[in-house]
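Novice: Shown below is the structure under consideration.
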Amino acid sequence: MTVQTAMPAASASLAPNLPVIEVEGLAKHFDMHHLGQRLDAFSGIGFRIMPGQFLLLTGHNGAGKSTLLRTLYRSYLPQAGHVWLNTAEGRIDLARAADVDVALLRRREIGFVTQFLNARPRVPAEDLVAEPLRLAGRPAAGALAVARAALAEFGVKRELWAAYPSTFSGGEQQKVNLARALILPQRLLLLDEPTASLDAGARAALVRRLAALKAQGVAMIGVFHHPGDVAGLIDAELNLDSKETSNVAK
Amino acid sequence: MTLYPMDAPAQSPTRDLPRLMSAAPILSMTGINRRFGTVVALQDVSATVYPGEVLGIVGESGSGKSTLLRMMNLEDSPDSGDYRLAIPGSAGNLFDLDRYARRMLCARHIGIVYQNPHLGLLMENSSSGNVAERLLIAGERRFSVLRSRAREALDASEFPLERMDARPVELSGGMQQRVQLAKAIALEPALLLLDEPTTGLDVSVQALVLDTLKRLQRDRAITMVLVSHDLGVIRTMADRVMVMRKGRVVEEGLADQIFQDPQHPYTQALVHAKL
């Protein structure tokens, strides 16, 4: 059994000619009050991404790649610009949307994938992986079956599925994290170095899963230490060193 | 030299009104002001909580966070301000209700867990009796129903049922908090208020109580307001966070934004001081 066939299809799809996300004039700086200093991250960022497109963020360390991802996810508040997301319920500017709306969109339409698992006490790996499906309203038994298939695909040993991941090694935790983060297809996926320190088998599983999501129309923006891992998926690059922006849409 | 200009005005970047959230807020408080003599305890505080959300309120001693929670539990009235809960049969400002009406509303619709179990429990009564008391106030008189619903609430709070007739005074701090929690959720309240619920517990016990709260939140989608000075507790539990200082809200936002990109000098100092 392959994970791809077991995974649910992307939810409510939009007209394919509408961009998933349109960023205009986005700027971010940090005021560090204890130093009385301002740290500039980026300004004048603009791009748009169509369904199924993959934008790679590049630049040297500190260029602002992760900062941009976090600003799009609204973990960071931008100072200027717009992040228009075409949602199932209309066009929303993530740069200034109400907190409760952002929280809703994170459950339904925007995923954020890092390499770190947020393990919780007494929650088994398979329940942690099934949770996004449960929160989206899927029945428990079906969600658990999909979660187990995903754990198998990422190479987590069967004996560990019902165990608590807080005791797992870093590598195993990372696999559980990816299985969880990618289980529910969302309209937009933000990827922050998800392949770092993964073994070859899990990296291959990740690339297969991303390819399947891309084929379903999921738009992706990613930072990869070794972009070669996902070379076949990339449609465009945005280099943050030169602040050059490339317009992805035709 | 002042490193952090703490008295800087509140940081409230422009945000749109909710457009996607279709549910109305469970709790809306606006323009709450309260003085104790010359001390300003709360100054123009407003808060909104949506169904199923956990709102965290963080701040140091004297910031007004516990005073605000007591207002939400109708234990105190402000000098001015409006408080509404979206519950059946309730319209208008809850601060206009008399003492009896407040008591009935709290018993039926609001649960509270205090840091100090003496405030929430009769320490010499049985644990099950403490939980049943809440049901009695709400009008339940059948012994078998009282007993079974108390048992159910204690079980949901992960209290060991073989001890359900022990008196809280005989129980550990963590177990006392579970009895308070069972009492608070016995009537499936519209709103669960938590005032430093794990402060003073051993770290391992604290983690288990927080885990129970998380389970309840996930399985029953209980709307919660959690007050704590402990950023770790807030970070574990809250969806959104309000930061209070000297009776004012200096910043509010999504929990991850408050912790990763704090805007107000006071919030930055608070987050940087965390171990």
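Here's how to read the names in the structure tokens: chain A, B, ... by the order shown, residue numbers from 1 in each chain, ligand numbers from 1 in the order shown.
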Any idea which chain A residues end up within 10 Å of chain B if we count only C-alpha atoms, as a short mmCIF file (atom, residue, chain, number, x, y, z; two decimals) with C-alpha atoms, in the first residue's frame please?

Specialist:
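Contents of iface.cif, as written:
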```
data_model
loop_
_atom_site.label_atom_id
_atom_site.label_comp_id
_atom_site.auth_asym_id
_atom_site.auth_seq_id
_atom_site.Cartn_x
_atom_site.Cartn_y
_atom_site.Cartn_z
CA PHE A 30 12.50 43.85 14.26
CA ASP A 31 12.67 46.56 16.91
CA MET A 32 14.90 45.32 19.70
CA HIS A 33 13.89 47.62 22.51
CA HIS A 34 16.57 46.47 24.96
CA LEU A 35 19.25 47.53 22.47
CA GLY A 36 17.39 50.48 21.08
CA ARG A 70 7.23 32.97 9.42
CA THR A 71 5.90 36.33 8.25
CA TYR A 73 2.42 32.30 8.49
CA ARG A 74 1.91 35.39 10.71
CA SER A 75 4.19 34.15 13.49
CA TYR A 76 5.93 37.43 12.65
CA LEU A 77 3.99 40.63 12.06
CA PRO A 78 4.97 42.46 8.86
CA GLN A 79 5.38 46.25 8.94
CA THR A 87 -9.33 31.09 0.31
CA ALA A 88 -12.45 29.02 -0.16
CA GLU A 89 -14.28 31.96 1.45
CA GLY A 90 -12.74 34.85 -0.43
CA ILE A 92 -7.89 37.51 2.79
CA ASP A 93 -4.86 39.68 3.58
CA LEU A 94 -2.81 37.61 6.02
CA ALA A 95 -0.70 40.67 6.81
CA ARG A 96 -3.62 42.18 8.70
CA ALA A 97 -6.28 39.50 9.11
CA ALA A 98 -7.86 39.07 12.56
CA ASP A 99 -5.99 36.64 14.82
CA VAL A 100 -8.98 34.27 14.98
CA ASP A 101 -9.13 34.17 11.17
CA VAL A 102 -5.42 33.37 10.94
CA ALA A 103 -5.91 30.58 13.50
CA LEU A 104 -8.76 29.19 11.36
CA LEU A 105 -6.71 29.36 8.16
CA ARG A 120 3.18 16.13 24.02
CA PRO A 121 3.18 13.98 27.13
CA ARG A 122 1.14 10.78 26.88
CA VAL A 123 0.10 11.24 23.25
CA GLU A 131 -4.78 14.69 14.94
CA ARG A 134 -9.47 14.47 13.49
CA LEU A 135 -9.55 18.27 13.84
#
```

Novice: Can you list, as a VMD selection string, every residue of range 19-228 of chain A that DSSP puts in helix (DSSP H, G or I)?

Specialist: chain A and resid 65 to 73 99 to 108 125 to 135 140 to 153 158 to 160 165 to 167 170 to 181 200 to 215 227 to 228

Novice: Mind dumping the selected residues with C-alpha atoms as a compact mmCIF listing (two decimals), in the first residue's frame?

Specialist:
```
# COMPACT_ATOMS: atom_id res chain seq x y z
CA LYS A 65 14.40 33.03 4.28
CA SER A 66 12.92 31.60 7.47
CA THR A 67 11.81 35.09 8.51
CA LEU A 68 9.82 35.39 5.30
CA LEU A 69 8.17 31.99 5.87
CA ARG A 70 7.23 32.97 9.42
CA THR A 71 5.90 36.33 8.25
CA LEU A 72 3.69 34.59 5.69
CA TYR A 73 2.42 32.30 8.49
CA ASP A 99 -5.99 36.64 14.82
CA VAL A 100 -8.98 34.27 14.98
CA ASP A 101 -9.13 34.17 11.17
CA VAL A 102 -5.42 33.37 10.94
CA ALA A 103 -5.91 30.58 13.50
CA LEU A 104 -8.76 29.19 11.36
CA LEU A 105 -6.71 29.36 8.16
CA ARG A 106 -3.87 27.49 9.85
CA ARG A 107 -6.25 24.62 10.59
CA ARG A 108 -7.81 24.59 7.13
CA ALA A 125 2.80 8.82 17.74
CA GLU A 126 -0.16 7.53 15.71
CA ASP A 127 -2.61 9.84 17.53
CA LEU A 128 -0.32 12.81 17.03
CA VAL A 129 -0.17 12.07 13.29
CA ALA A 130 -3.94 11.50 13.05
CA GLU A 131 -4.78 14.69 14.94
CA PRO A 132 -4.95 17.12 11.97
CA LEU A 133 -7.42 14.74 10.30
CA ARG A 134 -9.47 14.47 13.49
CA LEU A 135 -9.55 18.27 13.84
CA ALA A 140 -11.33 8.28 14.36
CA ALA A 141 -10.83 4.85 12.78
CA GLY A 142 -10.24 6.17 9.28
CA ALA A 143 -7.87 8.87 10.51
CA LEU A 144 -5.85 6.30 12.46
CA ALA A 145 -5.51 4.05 9.42
CA VAL A 146 -4.21 6.93 7.32
CA ALA A 147 -1.85 7.98 10.11
CA ARG A 148 -0.38 4.47 10.34
CA ALA A 149 0.13 4.34 6.58
CA ALA A 150 1.96 7.67 6.74
CA LEU A 151 4.19 6.48 9.61
CA ALA A 152 5.04 3.36 7.59
CA GLU A 153 5.81 5.44 4.51
CA ARG A 158 5.56 -0.44 13.67
CA GLU A 159 6.52 -1.08 17.33
CA LEU A 160 6.77 2.69 17.82
CA PRO A 165 7.39 10.19 20.68
CA SER A 166 8.83 12.33 23.49
CA THR A 167 11.16 9.36 24.13
CA GLY A 170 15.72 13.02 17.05
CA GLY A 171 15.53 11.27 13.67
CA GLU A 172 12.44 9.26 14.56
CA GLN A 173 10.73 12.35 16.00
CA GLN A 174 11.43 14.17 12.76
CA LYS A 175 9.72 11.41 10.77
CA VAL A 176 6.66 11.54 13.03
CA ASN A 177 6.63 15.30 12.61
CA LEU A 178 6.67 15.09 8.80
CA ALA A 179 3.98 12.41 8.74
CA ARG A 180 1.80 14.68 10.86
CA ALA A 181 2.58 17.93 9.08
CA ALA A 200 17.89 8.82 2.79
CA GLY A 201 14.77 6.67 3.08
CA ALA A 202 12.77 9.32 4.90
CA ARG A 203 14.00 12.02 2.52
CA ALA A 204 12.77 9.98 -0.44
CA ALA A 205 9.41 9.49 1.30
CA LEU A 206 9.17 13.26 1.89
CA VAL A 207 9.90 14.05 -1.77
CA ARG A 208 7.28 11.49 -2.88
CA ARG A 209 4.71 13.02 -0.55
CA LEU A 210 5.49 16.57 -1.68
CA ALA A 211 5.23 15.49 -5.33
CA ALA A 212 1.82 13.94 -4.63
CA LEU A 213 0.60 17.09 -2.88
CA LYS A 214 1.92 19.25 -5.73
CA ALA A 215 0.02 17.10 -8.21
CA PRO A 227 17.75 22.16 -2.78
CA GLY A 228 18.91 19.18 -4.82
```

Novice: Grab the CA of Gly59 in chain A to CA of Ala231 in chain A distance for me, in Å with one decimal place.

Specialist: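 It comes out at 16.3 Å.
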
Novice: Excluding Ala41 in chain A and its own-chain neighbours fewer than 3 positions away, which residues fall within 7 Å of it when counting only C-alpha atoms? Please give them as a ChimeraX atom specification.

Specialist: /A:28-29,64

Novice: Please extract the residues of range 17-87 of chain A with a backbone DSSP assignment of strand (DSSP E or B) and present them as a ChimeraX atom specification.

Specialist: /A:21-32,37-49,54-58,80-87

Novice: Kindly save the residues from that selection, with C-alpha atoms included, as a PDB file, in the first residue's frame.

Specialist:
```
ATOM      1  CA  ILE A  21      -1.075  33.561  -2.726  1.00  0.00           C
ATOM      2  CA  GLU A  22      -0.080  37.045  -3.923  1.00  0.00           C
ATOM      3  CA  VAL A  23       2.520  38.952  -1.939  1.00  0.00           C
ATOM      4  CA  GLU A  24       2.960  42.696  -2.510  1.00  0.00           C
ATOM      5  CA  GLY A  25       5.541  45.062  -1.034  1.00  0.00           C
ATOM      6  CA  LEU A  26       6.078  42.926   2.060  1.00  0.00           C
ATOM      7  CA  ALA A  27       8.470  44.395   4.624  1.00  0.00           C
ATOM      8  CA  LYS A  28       9.664  43.137   7.987  1.00  0.00           C
ATOM      9  CA  HIS A  29      11.987  44.560  10.592  1.00  0.00           C
ATOM     10  CA  PHE A  30      12.501  43.852  14.261  1.00  0.00           C
ATOM     11  CA  ASP A  31      12.667  46.559  16.907  1.00  0.00           C
ATOM     12  CA  MET A  32      14.898  45.323  19.703  1.00  0.00           C
ATOM     13  CA  GLN A  37      18.073  48.990  17.649  1.00  0.00           C
ATOM     14  CA  ARG A  38      16.181  48.089  14.528  1.00  0.00           C
ATOM     15  CA  LEU A  39      17.069  44.984  12.554  1.00  0.00           C
ATOM     16  CA  ASP A  40      15.939  45.017   8.935  1.00  0.00           C
ATOM     17  CA  ALA A  41      14.919  41.624   7.567  1.00  0.00           C
ATOM     18  CA  PHE A  42      13.533  42.402   4.109  1.00  0.00           C
ATOM     19  CA  SER A  43      11.398  44.888   2.236  1.00  0.00           C
ATOM     20  CA  GLY A  44       9.669  45.156  -1.111  1.00  0.00           C
ATOM     21  CA  ILE A  45       9.018  41.423  -1.433  1.00  0.00           C
ATOM     22  CA  GLY A  46       6.456  40.502  -4.064  1.00  0.00           C
ATOM     23  CA  PHE A  47       5.498  37.294  -5.849  1.00  0.00           C
ATOM     24  CA  ARG A  48       2.515  35.171  -6.735  1.00  0.00           C
ATOM     25  CA  ILE A  49       2.065  31.435  -6.792  1.00  0.00           C
ATOM     26  CA  PHE A  54       6.717  25.348  -5.830  1.00  0.00           C
ATOM     27  CA  LEU A  55       8.751  28.471  -4.959  1.00  0.00           C
ATOM     28  CA  LEU A  56      12.244  27.919  -3.560  1.00  0.00           C
ATOM     29  CA  LEU A  57      13.632  30.633  -1.291  1.00  0.00           C
ATOM     30  CA  THR A  58      17.392  31.045  -1.586  1.00  0.00           C
ATOM     31  CA  ALA A  80       4.135  46.853   5.412  1.00  0.00           C
ATOM     32  CA  GLY A  81       2.711  45.074   2.419  1.00  0.00           C
ATOM     33  CA  HIS A  82       0.053  42.490   1.718  1.00  0.00           C
ATOM     34  CA  VAL A  83      -0.170  38.715   1.736  1.00  0.00           C
ATOM     35  CA  TRP A  84      -3.314  37.959  -0.221  1.00  0.00           C
ATOM     36  CA  LEU A  85      -4.554  34.423   0.184  1.00  0.00           C
ATOM     37  CA  ASN A  86      -7.361  33.260  -2.073  1.00  0.00           C
ATOM     38  CA  THR A  87      -9.332  31.091   0.306  1.00  0.00           C
TER      39      THR A  87
END
```

Novice: Can you list, as a ChimeraX atom specification, every protein, DNA or RNA residue that comes within 7 Å of Tyr114 in chain B when you count only C-alpha atoms, leaving out same-chain residues fewer than 6 positions away?

Specialist: /B:120,194-197

Novice: Based on the selection just made, write N, CA and C atoms of those residues as a tab-separated table (two decimals), in the first residue's frame.

Specialist:
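Once everything was written out, this is selection-v7.tsv:
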```tsv
chain	number	residue	atom	x	y	z
B	120	GLY	N	-11.76	27.11	46.08
B	120	GLY	CA	-12.73	26.43	45.22
B	120	GLY	C	-13.40	25.23	45.85
B	194	LEU	N	-9.40	29.67	34.43
B	194	LEU	CA	-8.30	29.00	35.12
B	194	LEU	C	-7.36	30.06	35.65
B	195	ASP	N	-7.27	30.16	37.00
B	195	ASP	CA	-6.43	31.19	37.61
B	195	ASP	C	-5.17	30.54	38.18
B	196	GLU	N	-4.08	30.59	37.44
B	196	GLU	CA	-2.82	29.96	37.86
B	196	GLU	C	-3.07	28.51	38.30
B	197	PRO	N	-3.69	27.69	37.44
B	197	PRO	CA	-4.14	26.36	37.90
B	197	PRO	C	-3.00	25.41	38.27
```

Novice: Which polymer residues have any atom within 6 Å of an atom of Met50 in chain A, counting only C-alpha atoms, with same-chain residues fewer than 3 positions away left out, as a PyMOL selection string?

Specialist: chain A and resi 19-20+53

Novice: Atoms to include: N, CA and C atoms. Write the selected residues as a compact mmCIF listing (two decimals), in the first residue's frame.

Specialist:
```
# COMPACT_ATOMS: atom_id res chain seq x y z
N PRO A 19 -4.39 32.75 -8.40
CA PRO A 19 -3.20 32.43 -7.60
C PRO A 19 -3.62 31.98 -6.20
N VAL A 20 -2.82 31.11 -5.60
CA VAL A 20 -3.09 30.72 -4.21
C VAL A 20 -2.72 31.89 -3.30
N GLN A 53 2.27 25.09 -7.74
CA GLN A 53 3.61 25.63 -7.99
C GLN A 53 4.45 25.59 -6.72
```

Novice: Work out how far CA of Met104 in chain B is from CA of Leu181 in chain B, in Å to one decimal.

Specialist: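 Distance reported for this atom pair: 18.7 Å.
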
Novice: Which neighbours of Leu161 in chain B fall inside 12 Å, counting only C-alpha atoms, when residues of the same chain fewer than 2 positions from it are skipped, and could you give them as an MDAnalysis selection string?

Specialist: chainID B and resid 127:128 147:148 150:159 163:166 175 178:179 182

Novice: Selected residues, N, CA and C atoms, written as a short mmCIF file (atom, residue, chain, number, x, y, z; two decimals), in the first residue's frame, please.

Specialist:
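Output contents, as saved in result-v9.cif:
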```
data_model
loop_
_atom_site.label_atom_id
_atom_site.label_comp_id
_atom_site.auth_asym_id
_atom_site.auth_seq_id
_atom_site.Cartn_x
_atom_site.Cartn_y
_atom_site.Cartn_z
N SER B 127 -14.55 14.51 48.04
CA SER B 127 -14.28 15.05 46.70
C SER B 127 -15.52 14.96 45.82
N SER B 128 -16.18 13.79 45.86
CA SER B 128 -17.38 13.63 45.04
C SER B 128 -18.46 14.61 45.49
N ARG B 147 -24.45 11.39 41.99
CA ARG B 147 -23.31 10.49 42.16
C ARG B 147 -22.69 10.14 40.79
N SER B 148 -23.54 9.81 39.84
CA SER B 148 -22.98 9.35 38.56
C SER B 148 -22.36 10.51 37.78
N ALA B 150 -21.02 13.21 39.14
CA ALA B 150 -19.78 13.56 39.84
C ALA B 150 -18.67 12.60 39.42
N ARG B 151 -19.03 11.31 39.35
CA ARG B 151 -18.06 10.29 38.96
C ARG B 151 -17.55 10.56 37.54
N GLU B 152 -18.48 10.88 36.66
CA GLU B 152 -18.13 11.15 35.26
C GLU B 152 -17.17 12.35 35.15
N ALA B 153 -17.47 13.41 35.90
CA ALA B 153 -16.64 14.61 35.83
C ALA B 153 -15.25 14.35 36.42
N LEU B 154 -15.21 13.59 37.52
CA LEU B 154 -13.91 13.26 38.11
C LEU B 154 -13.10 12.40 37.15
N ASP B 155 -13.78 11.47 36.48
CA ASP B 155 -13.10 10.61 35.53
C ASP B 155 -12.53 11.44 34.37
N ALA B 156 -13.32 12.38 33.86
CA ALA B 156 -12.86 13.23 32.76
C ALA B 156 -11.67 14.08 33.18
N SER B 157 -11.59 14.39 34.48
CA SER B 157 -10.46 15.16 34.98
C SER B 157 -9.29 14.27 35.36
N GLU B 158 -9.41 12.97 35.03
CA GLU B 158 -8.38 11.97 35.29
C GLU B 158 -8.03 11.88 36.77
N PHE B 159 -9.09 11.93 37.58
CA PHE B 159 -8.96 11.74 39.02
C PHE B 159 -9.17 10.25 39.29
N ARG B 163 -10.63 6.99 44.81
CA ARG B 163 -10.46 7.98 45.88
C ARG B 163 -11.55 9.05 45.85
N MET B 164 -12.62 8.82 45.13
CA MET B 164 -13.60 9.89 44.94
C MET B 164 -14.30 10.31 46.23
N ASP B 165 -14.23 9.49 47.26
CA ASP B 165 -14.85 9.89 48.52
C ASP B 165 -13.85 10.41 49.54
N ALA B 166 -12.58 10.51 49.13
CA ALA B 166 -11.57 11.10 50.02
C ALA B 166 -11.81 12.61 50.11
N MET B 175 -3.95 16.45 42.82
CA MET B 175 -5.27 15.82 42.90
C MET B 175 -6.34 16.83 43.31
N ARG B 178 -7.44 18.53 40.33
CA ARG B 178 -8.34 17.71 39.51
C ARG B 178 -9.77 17.73 40.06
N VAL B 179 -9.89 17.79 41.39
CA VAL B 179 -11.24 17.89 41.97
C VAL B 179 -11.86 19.23 41.59
N ALA B 182 -12.94 18.98 38.05
CA ALA B 182 -14.16 18.17 37.90
C ALA B 182 -15.38 18.99 38.28
#
```

Novice: State, in Å with one decimal place, the distance from CA of Ala86 in chain B to CA of Ser63 in chain B.

Specialist: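 Separation of CA of Ala86 in chain B and CA of Ser63 in chain B: 27.2 Å.
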